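Reviewing the structure listed below.
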Amino acid sequence: MRHSEAVLPSAIAEDKPKSRKKLRGSDKELSLLALPAVIYIFVFSYLTMFGVIIAFKNYRYDKGIWGSEWVGLANFKFFFLTEKAYIVTRNTVLYNVWFWIATTFCALFVAILLNEISRKWSKYYQTVMFLPTFVSWVVIMYLAQIFLHHDYGFVNRLLESFGLNRVRWYLEPADWPAILTIAHMWKSIGFSALVYYAGIVAIDPSYYEAARMDGATRFQMVRKITIPMLAPLITILLIMTIGSMFRGDFGLHFFVSGNSPLLYNTVDIIDTFVYRALSVSGDTSMAAAVGLYQSLVGFALVVAANYAVRKINEENSLW
Amino acid sequence: MKRARYMGIVLLGLAMLATACGSGSGGTASPSASGGASAPASASGGDGALPEVTLTWYYGVAQVSPDQQLIEDEVNKIIKPKINATVKLKPIDFGSYTTKLNTASAAGEKFDLVWTANWAFNYDENVKKGAFLPLDELIDKYAPETKQAIPQFTWDATKHQGKIYAVPNYQTVISRYGINVIKEYADKYGLDTSKVKRYEDLEPFFEQVKKNEPGIVPFMLVGPLTKFHPFFYGYDDYGVKIGDESYKTNSMEESPEYKQFVELMHRWFEKGYINEDASTVKQIDSSYNGKFAASIEYTMKPGYEAEIKAKNGGRDIVGIPLTDVTTTRTSNIATLTAISRTSKNPERAMMLLELVNTDSKLFNLLSFGLEGKHYDKLNDNTVKTKPNGGYIASNWVFGNVFNGYLIEGQAPDTWEVTKKLNESAVVQPTFGFNFDDTSVKAENANVAAIRAEYEPLLFTGTVDPAEYLPQYLDKLKKAGSEKIQAELQRQLDAWVAEKKKNG
């Protein structure tokens with residue numbers, strides 16, 4: 001009787017309504033489970049949203065948010081005054097796109113490998129790869145220095161032992177996109193792989209059983225079952241990444257590069273530039289203006305991306 | 001689905017209500033604060049009938065001490081009978097002081113006294129943001145002795161549009177910069193420190209060190225701390241040539257002296273006299289301890305050589321001053337105590353400040369702790385602190401250091417010498433002028449970003465000025481440096497006119 005179920009189309013036809021019904025049954029518990037997160041988002045994301053008005057004001061503590069004087073778009077002027085806005089925006093977007101592509105590919109690859117090996121070992125690998133997620137960027141900054149320091153760095157010592165010249169890493173802007181990619185991947189791949197691995201585990205095993213019956217190879221199963229089944233997950237993660245397209249990882253770009261001025265052209269992102277420009281004056285309103293700019297562009301991009309996804313395949317879109 | 005939508009609308013309504021309430025309380029906060037400030041004026045001199053209050057005092061420390069509560073209790077024993085107030089001491093480590101106090105101020109937290117400086121929890125910026133109360137009346141009324149003890153030019157340095165917003169913790173207010181050389185190397189290579197007048201005079205010495213001392217950096221530089229000193233070249237902080245009666249401000253970056261300086265640094269960098277990582281090093285920490293022969297010193301105050309011996313691997317150092325003793329606005333606002341706009345008892349806070357600045361018993365208690373437990377007396381006026389005694393603080397965050405003890409190793413006449421230097425220092429022509437950047441805020445932020453990018457590179461000689469200096473000047477111009485310069489000149493002219501009118 002299993003055999004009849006294993007035929008793909010019928011499996012889908014039977015599966016769908018069943019799972020929908022099940023979900024409705026446990027609606028209450030699920031909502032309760034989500035409640036803390038909903039409250040968190042409401043308090044820290046929605047309530048505070050009205051604070052954006054300080055982007056249009058000259059905010060002073062003694063006058064308060066409402067009492068401060070309106071200045072229109074003056075606070076936005078600082079960011080767009082020089083061509084720096086273009087450079088840092090370009091860097092931010094390029095890094096985000098590149099990180100997304102690289103992380104997705106590698107994480108998918110790792111997740112599929114994890115699924116292929118025995119459970120005992122996959123737990124071990126998961127933990128080992130997940131660990132860097134918890135390491136702070138400041139610690140990673142020191143780790144990077146252990147590798148890249150001019151005199152005592154591991155890499156330079158290695159180069160020397162091969163009879164090559166030492167490299168002044170912190171003064172070589174061209175190498176840094178690669179170095180930052182390595183640091184980013186090292187830190188984030190464990191988490192992403194875990195998300196995809198969870199997705200793979202959730203796939204109904206009967207698909208694989210059926211495929212195996214039909215004599216499919218492992219590679220074919222990955223290509224024809226695993227990846228298509230993960231497509232909705234990949235798309236959702238993509239749409240969410242697009243939302244923060246104009247927001248970079250401050251810790252990665254600021255600490256890991258040692259905030260070395262010569263590297264700014266290839267390392268600088270919107271967040272680090274704003275920090276540098278406003279850390280002297282600490283102007284809340286100008287910082288809020290840039291934050292609003294990042295969020296608005298991110299919001300527009302999410303809506304556009306979702307629209308595009310819906311055009312291609314309605315099932316995969318976020319709403 | 002429909003129900004969810006209704007829920008959303010209800011939530012939105014709630015959110016708006018919540019923020020409206022928030023705004024209501026925010027709006028009333030400022031009038032009440034100003035009301036509090038004017039109240040003591042009417043209730044003048046009513047010392048006998050002071051109601052009991054509690055004051056909160058934020059200040060910076062290297063690290064919070066275990067015996068903090070003990071000190072607070074002792075402090076309250078002294079001040080309670082005198083001003084009928086108790087104080088809650090809130091020390092915060094210097095590293096997170098700025099962040100924590102920015103947050104506390106932005107959140108409208110209620111506190112009374114707050115330590116501020118030009119280098120942590122920035123005084124000028126917080127005055128502009130309205131974080132502090134103006135203090136002139138309170139000082140005249142409640143702190144006459146404190147006022148008397150501090151020279152007028154130091155008070156002038158604290159002024160914003162004619163008003164004082166903080167009481168200086170009076171200490172050394174001079175600025176004198178030069179080079180520290182490890183004595184051992186100076187002796188070994190026959191460097192006659194009295195003959196060094198310019199950077200260039202050190203070149204033969206650096207050459208010797210480079211050649212004969214492997215592993216020792218001849219000239220240790222730290223990117224963000226290395227500055228071009230206009231005063232050394234006869235300019236003051238705003239780029240006015242000293243002695244120039246027309247008060248014309250000059251762009252330092254375009255001056256020939258600037259070019260000469262960065263070219264020299266680059267030559268030294270190429271020769272290997274300067275540490276390779278100078279542009280990225282943030283501070284001389286223990287990993288560089290004792291690994292360099294010379295470094296730059298920014299405040300050559302009396303007796304400083306003894307204080308920094310430990311930083312140089314325990315070896316004696318010789319200071320070579322490159323400039324005269326001068327006093328600038330920034331060297332006068334290096335440590336101050338302000339009264340927060342959220343203070344409910346500004347008049348009592350000022351009374352406490354007067355006590356700290358006049359009662360040496362109270363000042364020494366705050367600075368050094370308890371005798372026998374936290375320090376031992378070497379003689380009447382000198383103490384030896386116990387590193388593991390359980391209480392360590394910096395005397396200069398509390399008040400006038402000249403009222404307090406000296407620490408072991410400082411000459412008995414240190415305070416007299418320092419005071420004399422303070423009063424004899426060259427007061428720069430634009431002293432007391434304070435640039436208000438409100439109209440050029442956007443330009444200033446961009447210029448600040450470009451400075452932060454290019455200065456560490458040029459000043460440490462890491463890059464070739466032939467290529468980078470023109471690039472830097474071009475970017476400064478695009479960021480609006482000329483507009484800032486013009487606004488600076490306009491304000492300065494107005495200030496000079498005002499000064500001449502008043503004689």
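Simple scheme: letters A, B, ... for chains in structure tokens order, numbers from 1 for residues in each chain, numbers from 1 for ligands in the order shown.
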
Taking a cut-off of 7 Å and counting only C-alpha atoms, can you build a table that, for each residue of chain A near chain B, reports the nearest atom pair and how far apart they are in Å (one decimal), sorted by chain then residue number, as a tab-separated table?
residue	atom	partner	partner_atom	distance
A:Leu47	CA	B:Ala15	CA	5.8
A:Arg60	CA	B:Lys129	CA	4.4
A:Tyr61	CA	B:Gly130	CA	5.4
A:Asp62	CA	B:Gly130	CA	5.0
A:Lys63	CA	B:Ser30	CA	6.2
A:Gly64	CA	B:Gly26	CA	5.9
A:Trp66	CA	B:Ser23	CA	6.6
A:Gly67	CA	B:Gly27	CA	6.7
A:Lys77	CA	B:Ala442	CA	6.2
A:Phe78	CA	B:Ala442	CA	4.1
A:Leu81	CA	B:Ala479	CA	6.7
A:Thr82	CA	B:Ala479	CA	5.9
A:Gly258	CA	B:Thr280	CA	6.6
A:Ser260	CA	B:Thr280	CA	5.3
A:Pro261	CA	B:Glu453	CA	5.0
A:Arg276	CA	B:Ala449	CA	5.3
A:Ala277	CA	B:Ala449	CA	4.3
A:Leu278	CA	B:Ala445	CA	6.0
A:Ser281	CA	B:Glu125	CA	6.2

Item to check | Those of region 211-318 of chain A in DSSP alpha helix (DSSP H), formatted as a count of residues only | outcome: 68

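Across B:Asp324, B:Asp201, B:Asp493, B:Asp474, the tightest approach to Lys301 (chain B) is made by B:Asp324 when counting only C-alpha atoms.
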
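Interatomic distance, CA of Asp204 (chain A) against CA of Ala231 (chain A): 14.9 Å.
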
Item to check | Residue set, region 180-383 of chain B restricted to strand (DSSP E or B), as a PyMOL selection string | outcome: chain B and resi 180-182+217-220+235+240-241+249+274+292-297+299+317-321+326-327+336-340+371+375-379+382-383

Next on the checklist: Between CA of Thr241 (chain A) and CA of Pro177 (chain A), what is the distance in Å, rounded to a tenth?
Outcome noted: 19.1 Å

Checklist entry - What separation in Å, quoted to one decimal, exists between CA of Val64 (chain B) and CA of Ser96 (chain B)? => result 12.0 Å
